[in-house]
>>> print(open('data-v4.pdb').read())   # PDB, C-alpha atoms
ATOM      1  CA  MET A  23     144.783 121.412  30.141
ATOM      2  CA  HIS A  24     141.309 122.299  28.934
ATOM      3  CA  TRP A  25     140.435 125.058  26.514
ATOM      4  CA  SER A  26     137.879 126.242  29.082
ATOM      5  CA  THR A  27     140.663 126.988  31.623
ATOM      6  CA  ILE A  28     142.507 129.013  28.985
ATOM      7  CA  ILE A  29     139.362 130.923  28.071
ATOM      8  CA  TYR A  30     138.526 131.701  31.714
ATOM      9  CA  CYS A  31     142.114 132.875  32.276
ATOM     10  CA  GLY A  32     141.793 135.023  29.158
ATOM     11  CA  ILE A  33     138.565 136.560  30.439
ATOM     12  CA  ILE A  34     139.986 137.335  33.880
ATOM     13  CA  THR A  35     143.148 138.810  32.346
ATOM     14  CA  TYR A  36     141.063 140.965  30.037
ATOM     15  CA  LEU A  37     138.775 142.098  32.853
ATOM     16  CA  THR A  38     141.675 143.299  35.028
ATOM     17  CA  ARG A  39     142.752 145.508  32.111
ATOM     18  CA  PHE A  40     139.281 146.646  31.100
ATOM     19  CA  SER A  41     137.513 147.141  34.452
ATOM     20  CA  THR A  42     139.248 150.204  35.826
ATOM     21  CA  LEU A  43     139.564 151.826  32.391
ATOM     22  CA  PHE A  44     135.847 151.322  31.809
ATOM     23  CA  LEU A  45     134.509 152.085  35.287
ATOM     24  CA  LEU A  46     136.555 155.086  36.319
ATOM     25  CA  LYS A  47     135.941 158.523  34.821
ATOM     26  CA  GLU A  48     139.167 159.815  36.240
ATOM     27  CA  ASP A  49     142.053 158.501  38.249
ATOM     28  CA  ILE A  50     140.504 157.983  41.687
ATOM     29  CA  LEU A  51     142.819 155.408  43.234
ATOM     30  CA  ASN A  52     144.581 157.086  46.125
ATOM     31  CA  ASP A  53     148.345 157.081  46.507
ATOM     32  CA  LYS A  54     148.240 154.420  49.210
ATOM     33  CA  THR A  55     146.342 151.967  46.964
ATOM     34  CA  LYS A  56     148.699 152.696  44.067
ATOM     35  CA  LYS A  57     151.728 152.168  46.264
ATOM     36  CA  ILE A  58     150.376 148.801  47.419
ATOM     37  CA  LEU A  59     149.480 147.745  43.838
ATOM     38  CA  SER A  60     153.023 148.627  42.808
ATOM     39  CA  TYR A  61     154.206 145.859  45.143
ATOM     40  CA  VAL A  62     152.175 143.200  43.279
ATOM     41  CA  PRO A  63     155.090 141.917  41.137
ATOM     42  CA  SER A  64     157.377 141.689  44.188
ATOM     43  CA  ALA A  65     154.624 139.882  46.106
ATOM     44  CA  ILE A  66     153.771 137.321  43.430
ATOM     45  CA  PHE A  67     156.788 136.576  41.226
ATOM     46  CA  PRO A  68     158.951 135.128  44.060
ATOM     47  CA  ALA A  69     156.158 132.637  44.797
ATOM     48  CA  ILE A  70     156.679 131.416  41.238
ATOM     49  CA  ILE A  71     160.499 131.680  41.380
ATOM     50  CA  PHE A  72     161.359 130.030  44.717
ATOM     51  CA  PRO A  73     159.668 126.577  44.807
ATOM     52  CA  PRO A  74     161.171 125.139  41.591
ATOM     53  CA  ILE A  75     164.621 126.400  42.638
ATOM     54  CA  PHE A  76     164.699 125.260  46.256
ATOM     55  CA  LEU A  77     162.618 122.071  46.064
ATOM     56  CA  ASP A  78     163.812 118.870  44.394
ATOM     57  CA  SER A  79     161.534 116.641  42.341
ATOM     58  CA  ALA A  80     160.323 114.910  45.524
ATOM     59  CA  GLY A  81     159.300 118.264  46.977
ATOM     60  CA  THR A  82     161.872 118.438  49.791
ATOM     61  CA  ILE A  83     164.092 121.456  50.329
ATOM     62  CA  ASP A  84     167.474 120.920  48.665
ATOM     63  CA  ILE A  85     170.151 123.491  49.483
ATOM     64  CA  GLU A  86     173.369 121.510  49.093
ATOM     65  CA  ASN A  87     174.606 120.723  45.609
ATOM     66  CA  ASN A  88     171.787 122.671  44.028
ATOM     67  CA  PRO A  89     172.964 124.274  40.776
ATOM     68  CA  LYS A  90     169.721 126.244  40.423
ATOM     69  CA  ILE A  91     170.391 128.278  43.573
ATOM     70  CA  LEU A  92     173.885 129.241  42.396
ATOM     71  CA  ALA A  93     172.712 130.044  38.870
ATOM     72  CA  ALA A  94     169.855 132.169  40.234
ATOM     73  CA  ILE A  95     172.306 134.092  42.440
ATOM     74  CA  PHE A  96     174.529 134.810  39.408
ATOM     75  CA  ALA A  97     171.444 135.967  37.488
ATOM     76  CA  ILE A  98     170.393 138.269  40.348
ATOM     77  CA  ILE A  99     173.877 139.825  40.608
ATOM     78  CA  ILE A 100     173.979 140.475  36.854
ATOM     79  CA  GLY A 101     170.408 141.797  36.930
ATOM     80  CA  TYR A 102     171.216 144.134  39.793
ATOM     81  CA  PHE A 103     174.171 145.722  38.007
ATOM     82  CA  SER A 104     173.113 145.573  34.347
ATOM     83  CA  ARG A 105     169.352 146.117  34.800
ATOM     84  CA  SER A 106     169.047 144.151  31.575
ATOM     85  CA  ILE A 107     166.323 141.515  31.286
ATOM     86  CA  ILE A 108     168.147 139.629  28.536
ATOM     87  CA  ALA A 109     171.514 139.607  30.339
ATOM     88  CA  THR A 110     169.817 138.305  33.506
ATOM     89  CA  ILE A 111     168.136 135.384  31.734
ATOM     90  CA  PHE A 112     171.186 134.433  29.670
ATOM     91  CA  VAL A 113     173.727 134.616  32.477
ATOM     92  CA  GLY A 114     171.419 132.512  34.649
ATOM     93  CA  LEU A 115     170.920 129.911  31.938
ATOM     94  CA  ILE A 116     174.563 129.744  30.871
ATOM     95  CA  SER A 117     175.830 129.416  34.452
ATOM     96  CA  TYR A 118     173.207 126.706  35.041
ATOM     97  CA  TRP A 119     174.446 124.801  31.983
ATOM     98  CA  PHE A 120     178.054 125.239  33.115
ATOM     99  CA  LEU A 121     177.170 123.849  36.548
ATOM    100  CA  ILE A 122     175.177 120.827  35.362
ATOM    101  CA  PHE A 123     177.260 119.888  32.308
ATOM    102  CA  VAL A 124     180.791 120.775  33.473
ATOM    103  CA  TYR A 125     181.117 121.432  37.196
ATOM    104  CA  TYR A 126     178.939 118.637  38.565
ATOM    105  CA  GLN A 127     180.063 116.050  35.992
TER     106      GLN A 127
ATOM    107  CA  MET B  21     151.166 162.361   7.417
ATOM    108  CA  ASN B  22     148.028 163.018   9.399
ATOM    109  CA  ASP B  23     147.986 163.273  13.184
ATOM    110  CA  ARG B  24     146.489 159.833  13.741
ATOM    111  CA  LEU B  25     149.177 158.067  11.738
ATOM    112  CA  LYS B  26     151.885 160.218  13.283
ATOM    113  CA  THR B  27     150.787 159.310  16.809
ATOM    114  CA  LEU B  28     150.351 155.656  15.872
ATOM    115  CA  SER B  29     153.886 155.388  14.477
ATOM    116  CA  ARG B  30     155.262 157.269  17.479
ATOM    117  CA  GLY B  31     153.762 154.524  19.669
ATOM    118  CA  ILE B  32     155.370 151.831  17.531
ATOM    119  CA  ILE B  33     158.774 153.560  17.667
ATOM    120  CA  ASP B  34     158.578 154.249  21.415
ATOM    121  CA  VAL B  35     157.798 150.652  22.368
ATOM    122  CA  SER B  36     160.292 149.003  19.992
ATOM    123  CA  PRO B  37     163.325 148.937  22.337
ATOM    124  CA  LEU B  38     161.194 147.186  24.962
ATOM    125  CA  MET B  39     160.492 144.400  22.465
ATOM    126  CA  ILE B  40     164.061 143.068  22.650
ATOM    127  CA  PRO B  41     163.501 141.072  25.873
ATOM    128  CA  VAL B  42     159.978 140.083  24.787
ATOM    129  CA  VAL B  43     161.382 137.914  21.989
ATOM    130  CA  PRO B  44     163.352 135.463  24.211
ATOM    131  CA  PHE B  45     160.469 135.495  26.715
ATOM    132  CA  GLY B  46     158.002 134.470  23.995
ATOM    133  CA  ILE B  47     160.362 131.811  22.658
ATOM    134  CA  ILE B  48     160.839 130.375  26.171
ATOM    135  CA  TYR B  49     157.077 130.290  26.631
ATOM    136  CA  GLY B  50     156.570 128.416  23.348
ATOM    137  CA  VAL B  51     159.367 125.926  24.058
ATOM    138  CA  ILE B  52     158.080 125.152  27.569
ATOM    139  CA  GLY B  53     154.504 124.776  26.353
ATOM    140  CA  MET B  54     155.678 122.121  23.897
ATOM    141  CA  GLU B  55     157.925 120.422  26.494
ATOM    142  CA  LEU B  56     154.970 120.108  28.860
ATOM    143  CA  GLY B  57     153.115 118.271  26.124
ATOM    144  CA  LEU B  58     150.567 120.907  25.135
ATOM    145  CA  SER B  59     149.512 120.940  21.513
ATOM    146  CA  ALA B  60     150.871 123.683  19.264
ATOM    147  CA  TYR B  61     147.312 125.000  18.856
ATOM    148  CA  MET B  62     146.841 125.303  22.606
ATOM    149  CA  THR B  63     150.216 126.956  23.165
ATOM    150  CA  PHE B  64     149.525 129.475  20.422
ATOM    151  CA  GLY B  65     145.860 129.840  21.413
ATOM    152  CA  MET B  66     146.930 130.948  24.892
ATOM    153  CA  SER B  67     149.035 133.729  23.375
ATOM    154  CA  ILE B  68     145.999 134.981  21.448
ATOM    155  CA  ILE B  69     143.349 134.494  24.155
ATOM    156  CA  ILE B  70     145.327 135.562  27.227
ATOM    157  CA  PHE B  71     148.087 137.700  25.684
ATOM    158  CA  GLY B  72     150.138 138.095  28.855
ATOM    159  CA  GLY B  73     153.564 136.519  29.286
ATOM    160  CA  ALA B  74     153.575 136.214  33.074
ATOM    161  CA  SER B  75     150.010 134.857  33.162
ATOM    162  CA  GLN B  76     150.700 132.280  30.471
ATOM    163  CA  ILE B  77     153.850 130.996  32.151
ATOM    164  CA  VAL B  78     152.104 130.772  35.554
ATOM    165  CA  LEU B  79     149.357 128.834  33.835
ATOM    166  CA  LEU B  80     151.940 126.381  32.434
ATOM    167  CA  GLN B  81     153.688 125.989  35.777
ATOM    168  CA  LEU B  82     150.447 125.278  37.659
ATOM    169  CA  PHE B  83     149.331 122.916  34.904
ATOM    170  CA  SER B  84     152.572 120.928  35.257
ATOM    171  CA  GLY B  85     152.025 120.771  39.041
ATOM    172  CA  GLY B  86     148.510 119.414  38.559
ATOM    173  CA  ALA B  87     146.601 122.380  40.006
ATOM    174  CA  SER B  88     142.820 122.551  39.625
ATOM    175  CA  SER B  89     141.195 125.018  37.202
ATOM    176  CA  LEU B  90     139.854 127.150  40.040
ATOM    177  CA  VAL B  91     143.287 127.594  41.631
ATOM    178  CA  THR B  92     144.855 128.219  38.227
ATOM    179  CA  ILE B  93     142.320 130.884  37.290
ATOM    180  CA  THR B  94     142.600 132.605  40.698
ATOM    181  CA  SER B  95     146.406 132.604  40.491
ATOM    182  CA  VAL B  96     146.296 134.125  37.008
ATOM    183  CA  GLY B  97     143.903 136.761  38.361
ATOM    184  CA  ALA B  98     146.358 137.555  41.165
ATOM    185  CA  VAL B  99     149.261 137.897  38.732
ATOM    186  CA  ASN B 100     147.131 140.275  36.661
ATOM    187  CA  SER B 101     145.877 142.445  39.497
ATOM    188  CA  ARG B 102     148.624 144.962  38.702
ATOM    189  CA  HIS B 103     146.709 145.828  35.522
ATOM    190  CA  LEU B 104     143.991 147.426  37.653
ATOM    191  CA  LEU B 105     146.538 150.155  38.282
ATOM    192  CA  TYR B 106     147.157 150.701  34.565
ATOM    193  CA  GLY B 107     143.463 151.130  33.747
ATOM    194  CA  ALA B 108     143.013 153.500  36.667
ATOM    195  CA  VAL B 109     145.936 155.682  35.617
ATOM    196  CA  PHE B 110     144.790 155.746  31.964
ATOM    197  CA  SER B 111     141.133 156.478  32.759
ATOM    198  CA  GLU B 112     142.177 160.105  33.210
ATOM    199  CA  TYR B 113     143.303 160.282  29.561
ATOM    200  CA  LEU B 114     140.929 157.836  27.893
ATOM    201  CA  SER B 115     137.583 158.064  29.708
ATOM    202  CA  HIS B 116     136.092 160.256  26.926
ATOM    203  CA  LEU B 117     136.610 157.535  24.295
ATOM    204  CA  LYS B 118     133.843 155.398  22.826
ATOM    205  CA  LEU B 119     133.272 151.945  24.333
ATOM    206  CA  THR B 120     134.659 150.266  21.185
ATOM    207  CA  TRP B 121     137.986 152.019  21.710
ATOM    208  CA  LYS B 122     138.108 150.971  25.361
ATOM    209  CA  ILE B 123     137.359 147.360  24.407
ATOM    210  CA  ILE B 124     140.167 147.325  21.829
ATOM    211  CA  LEU B 125     142.743 149.180  23.933
ATOM    212  CA  SER B 126     142.116 147.012  27.022
ATOM    213  CA  TYR B 127     143.187 143.930  25.082
ATOM    214  CA  VAL B 128     146.679 145.374  24.527
ATOM    215  CA  LEU B 129     147.134 147.227  27.825
ATOM    216  CA  ILE B 130     150.201 145.265  28.923
ATOM    217  CA  ASP B 131     153.259 146.318  30.979
ATOM    218  CA  GLN B 132     155.405 147.545  28.089
ATOM    219  CA  ALA B 133     152.604 149.459  26.350
ATOM    220  CA  PHE B 134     151.567 151.040  29.649
ATOM    221  CA  ALA B 135     155.116 152.172  30.356
ATOM    222  CA  VAL B 136     155.664 154.016  27.069
ATOM    223  CA  SER B 137     152.140 155.374  26.561
ATOM    224  CA  ASN B 138     151.984 156.658  30.131
ATOM    225  CA  THR B 139     155.066 158.774  29.431
ATOM    226  CA  TYR B 140     153.587 159.961  26.125
ATOM    227  CA  PHE B 141     150.167 160.819  27.602
ATOM    228  CA  LYS B 142     151.744 162.900  30.360
ATOM    229  CA  GLN B 143     153.631 164.977  27.804
ATOM    230  CA  ASN B 144     150.889 165.206  25.154
ATOM    231  CA  LYS B 145     147.671 165.774  27.080
ATOM    232  CA  GLU B 146     146.242 168.065  24.355
ATOM    233  CA  ASN B 147     146.741 165.625  21.478
ATOM    234  CA  GLU B 148     143.218 164.661  20.534
ATOM    235  CA  PHE B 149     144.419 161.389  18.972
ATOM    236  CA  LYS B 150     146.732 160.352  21.826
ATOM    237  CA  HIS B 151     145.000 156.981  22.149
ATOM    238  CA  TYR B 152     146.553 156.037  18.799
ATOM    239  CA  HIS B 153     149.871 155.942  20.650
ATOM    240  CA  LEU B 154     148.619 153.107  22.877
ATOM    241  CA  LEU B 155     147.096 151.392  19.834
ATOM    242  CA  GLY B 156     150.472 151.435  18.041
ATOM    243  CA  ALA B 157     152.501 150.403  21.073
ATOM    244  CA  GLY B 158     150.027 147.694  22.113
ATOM    245  CA  PHE B 159     149.679 146.021  18.741
ATOM    246  CA  THR B 160     153.441 146.111  18.218
ATOM    247  CA  CYS B 161     153.788 144.100  21.438
ATOM    248  CA  TRP B 162     150.995 141.808  20.289
ATOM    249  CA  THR B 163     152.619 141.087  16.915
ATOM    250  CA  ILE B 164     156.074 140.453  18.408
ATOM    251  CA  TRP B 165     154.575 138.192  21.104
ATOM    252  CA  GLN B 166     152.698 136.054  18.557
ATOM    253  CA  ILE B 167     155.731 135.712  16.282
ATOM    254  CA  SER B 168     158.055 134.726  19.136
ATOM    255  CA  THR B 169     155.480 132.240  20.464
ATOM    256  CA  ILE B 170     155.463 130.551  17.049
ATOM    257  CA  LEU B 171     159.300 130.513  17.015
ATOM    258  CA  GLY B 172     159.221 128.861  20.444
ATOM    259  CA  ILE B 173     156.686 126.258  19.310
ATOM    260  CA  VAL B 174     158.904 125.373  16.334
ATOM    261  CA  LEU B 175     162.049 125.235  18.496
ATOM    262  CA  GLY B 176     160.242 123.343  21.265
ATOM    263  CA  SER B 177     159.920 120.265  19.117
ATOM    264  CA  VAL B 178     163.700 120.088  18.534
ATOM    265  CA  VAL B 179     165.198 121.334  21.848
ATOM    266  CA  PRO B 180     166.225 118.355  24.046
ATOM    267  CA  GLU B 181     164.732 118.156  27.542
ATOM    268  CA  GLU B 182     168.205 117.647  29.121
ATOM    269  CA  LEU B 183     168.911 121.360  28.692
ATOM    270  CA  GLY B 184     166.625 122.009  31.664
ATOM    271  CA  LEU B 185     164.865 124.907  29.975
ATOM    272  CA  SER B 186     162.070 124.882  32.562
ATOM    273  CA  PHE B 187     164.580 126.684  34.800
ATOM    274  CA  THR B 188     164.141 129.676  32.504
ATOM    275  CA  ILE B 189     160.647 130.131  34.010
ATOM    276  CA  SER B 190     162.291 131.124  37.285
ATOM    277  CA  LEU B 191     164.893 133.196  35.448
ATOM    278  CA  THR B 192     162.384 135.196  33.427
ATOM    279  CA  PHE B 193     160.512 136.138  36.589
ATOM    280  CA  VAL B 194     163.796 137.091  38.288
ATOM    281  CA  ALA B 195     164.481 139.290  35.264
ATOM    282  CA  LEU B 196     161.070 140.960  35.558
ATOM    283  CA  LEU B 197     161.972 142.058  39.091
ATOM    284  CA  ILE B 198     165.371 143.650  38.360
ATOM    285  CA  ASN B 199     164.089 147.188  38.838
ATOM    286  CA  ASP B 200     162.917 146.341  42.355
ATOM    287  CA  PHE B 201     166.190 144.797  43.578
ATOM    288  CA  ARG B 202     167.419 148.197  44.760
ATOM    289  CA  LYS B 203     164.369 148.857  46.921
ATOM    290  CA  PHE B 204     164.763 147.461  50.416
ATOM    291  CA  LYS B 205     161.043 147.176  51.133
ATOM    292  CA  ASN B 206     160.456 145.298  47.901
ATOM    293  CA  ILE B 207     163.172 142.836  48.892
ATOM    294  CA  ILE B 208     161.410 142.147  52.200
ATOM    295  CA  VAL B 209     158.143 141.561  50.313
ATOM    296  CA  MET B 210     159.948 139.233  47.864
ATOM    297  CA  PHE B 211     161.388 137.101  50.653
ATOM    298  CA  VAL B 212     158.033 136.785  52.424
ATOM    299  CA  SER B 213     156.422 135.641  49.182
ATOM    300  CA  GLY B 214     159.214 133.222  48.262
ATOM    301  CA  ILE B 215     159.531 131.643  51.703
ATOM    302  CA  VAL B 216     155.779 131.203  52.205
ATOM    303  CA  ALA B 217     155.493 129.631  48.747
ATOM    304  CA  THR B 218     158.429 127.247  49.298
ATOM    305  CA  ILE B 219     157.177 126.059  52.679
ATOM    306  CA  GLY B 220     153.578 126.040  51.493
ATOM    307  CA  TYR B 221     154.282 124.144  48.258
ATOM    308  CA  ASN B 222     153.718 120.805  50.016
ATOM    309  CA  THR B 223     151.555 121.912  52.911
ATOM    310  CA  ILE B 224     148.988 124.222  51.311
ATOM    311  CA  PRO B 225     146.316 122.154  49.559
ATOM    312  CA  PHE B 226     145.228 122.439  45.910
ATOM    313  CA  GLN B 227     148.518 124.068  44.779
ATOM    314  CA  ALA B 228     147.178 127.341  46.173
ATOM    315  CA  TYR B 229     150.673 128.285  47.353
ATOM    316  CA  ILE B 230     150.996 131.186  44.898
ATOM    317  CA  ILE B 231     147.764 132.782  46.122
ATOM    318  CA  VAL B 232     148.574 132.278  49.819
ATOM    319  CA  ALA B 233     152.137 133.580  49.379
ATOM    320  CA  ALA B 234     150.896 136.588  47.412
ATOM    321  CA  ILE B 235     148.321 137.485  50.071
ATOM    322  CA  ALA B 236     150.904 137.162  52.868
ATOM    323  CA  ALA B 237     153.413 139.296  50.950
ATOM    324  CA  LEU B 238     150.817 141.938  50.056
ATOM    325  CA  LEU B 239     149.817 142.181  53.723
ATOM    326  CA  VAL B 240     153.459 142.876  54.561
ATOM    327  CA  ALA B 241     153.585 145.415  51.704
ATOM    328  CA  THR B 242     150.478 147.124  53.092
ATOM    329  CA  LEU B 243     151.999 147.286  56.576
ATOM    330  CA  LEU B 244     155.242 148.706  55.164
ATOM    331  CA  THR B 245     153.289 151.322  53.185
ATOM    332  CA  LEU B 246     151.227 152.364  56.221
ATOM    333  CA  VAL B 247     154.293 152.606  58.460
ATOM    334  CA  THR B 248     156.154 154.773  55.915
ATOM    335  CA  LEU B 249     153.160 157.053  55.367
ATOM    336  CA  LYS B 250     152.827 157.620  59.106
ATOM    337  CA  LYS B 251     156.479 158.593  59.404
ATOM    338  CA  ASN B 252     156.199 161.255  56.694
TER     339      ASN B 252
END
>>> encode(input="data-v4.pdb", output="structure tokens")
Amino acid sequence: MHWSTIIYCGIITYLTRFSTLFLLKEDILNDKTKKILSYVPSAIFPAIIFPPIFLDSAGTIDIENNPKILAAIFAIIIGYFSRSIIATIFVGLISYWFLIFVYYQ
Amino acid sequence: MNDRLKTLSRGIIDVSPLMIPVVPFGIIYGVIGMELGLSAYMTFGMSIIIFGGASQIVLLQLFSGGASSLVTITSVGAVNSRHLLYGAVFSEYLSHLKLTWKIILSYVLIDQAFAVSNTYFKQNKENEFKHYHLLGAGFTCWTIWQISTILGIVLGSVVPEELGLSFTISLTFVALLINDFRKFKNIIVMFVSGIVATIGYNTIPFQAYIIVAAIAALLVATLLTLVTLKKN
């Protein structure tokens, strides 16, 4: 990792926050654009979530005996009902530890 | 207490409950940065320079996969594109401010600060010092994020790798989506993104799978939005 990459990422992050605040005098994005922008987390986060869960270290899809899939499903169920960020992360992590250290041993 | 201070402390109080999940998120970020072999300076420097949890963790993940700088920077830009919405919504309340204010406030315009200040601005349009609310909320987030990054860096040097903490990257992003699990259209968009990324991980060159998956999923989101608007 180079400092330059970090600095460029910092600049682009800053610009996405600054640009519309600086350029627009009032809120001119129409409802359609806002609706589509509201989908951005749903469109991007799964691309970060899925590959490390479903792919093994060699990069092939691994569905059998994959503790990460089960742990992620537990996390999703807890997240759905509790709507708590902390509970989701901890249940996922604890069930993952249970699976790798107890169940699969 | 004068109005500026009152509004500033209101911002700090309003955002405080949202800081509870930020602490483990920051610790996870610090731990993973250290596990991937970054220096403590670099891990902490990212928290100061970028100041965005999702962006920083994406950066780490792409770094560990060996992505090029160009792909990394574009992916971080894609993750951040939701901030365009925040600036646009706030321009209505803040466009009269001096440039210096806009420069400072943009640095701390993150998800949590947007959420609480947006509610406050709607209810307190006449407050001439309402931007102090965002200042208080934003810099509270900033302080908590820096402290929890440092905690993570300290812990990262003692936590054994066998614990598989890199799995918490996936978990934190799952947690950030919990409010969208009840929306059917969002779930469709999530599956498109996840499936394209998983298949594309090995087939799309330059580790550009996040960008390609995001574009595919946003196209589906656009189609879904257009179809729903037509029906109404």
>>> closest_residue(input="data-v4.pdb", among="B:Ala241, B:Leu104, B:Met62, B:Val78", to="Trp25 (chain A)", atoms="all atoms listed in the file")
B:Met62
>>> residues_around(input="data-v4.pdb", residues="region 41-45 of chain A", least_positions_apart="5", cutoff="8 Å", atoms="all atoms listed in the file", output="count of residues only")
12
>>> interface_residues(input="data-v4.pdb", of="chain A", to="chain B", cutoff="6 Å", atoms="only C-alpha atoms", output="PyMOL selection string")
chain A and resi 27+31-32+34+38-40+42-43+46-49+58-59+64-69+71-73+101+105+107-108+110-111
>>> residues_around(input="data-v4.pdb", residues="Phe76 (chain A)", least_positions_apart="2", cutoff="8 Å", atoms="all atoms listed in the file", output="number ranges by chain")
A: 72-74, 78, 83-85, 88, 90-91; B: 218
>>> residues_near_point(input="data-v4.pdb", point="(154.3, 147.8, 17.7)", cutoff="12 Å", atoms="all atoms listed in the file", output="PyMOL selection string")
chain B and resi 28-40+42+128+132-133+136-137+152-166
>>> closest_residue(input="data-v4.pdb", among="B:Phe204, B:Pro225, B:Val247, B:Leu171", to="Ala87 (chain B)", atoms="all atoms listed in the file")
B:Pro225
>>> axis_aligned_box(input="data-v4.pdb", around="region 41-50 of chain A", padding_each_side="5 Å", output="AutoDock Vina command-line options")
--center_x 138.3 --center_y 153.5 --center_z 36.7 --size_x 17.5 --size_y 22.7 --size_z 19.9
>>> resolve_selection(input="data-v4.pdb", expression="the PyMOL selection byres ((chain A and resi 118) around 10)", output="ChimeraX atom specification")
/A:88-94,96-97,112-117,119-125 /B:183-185,187-188
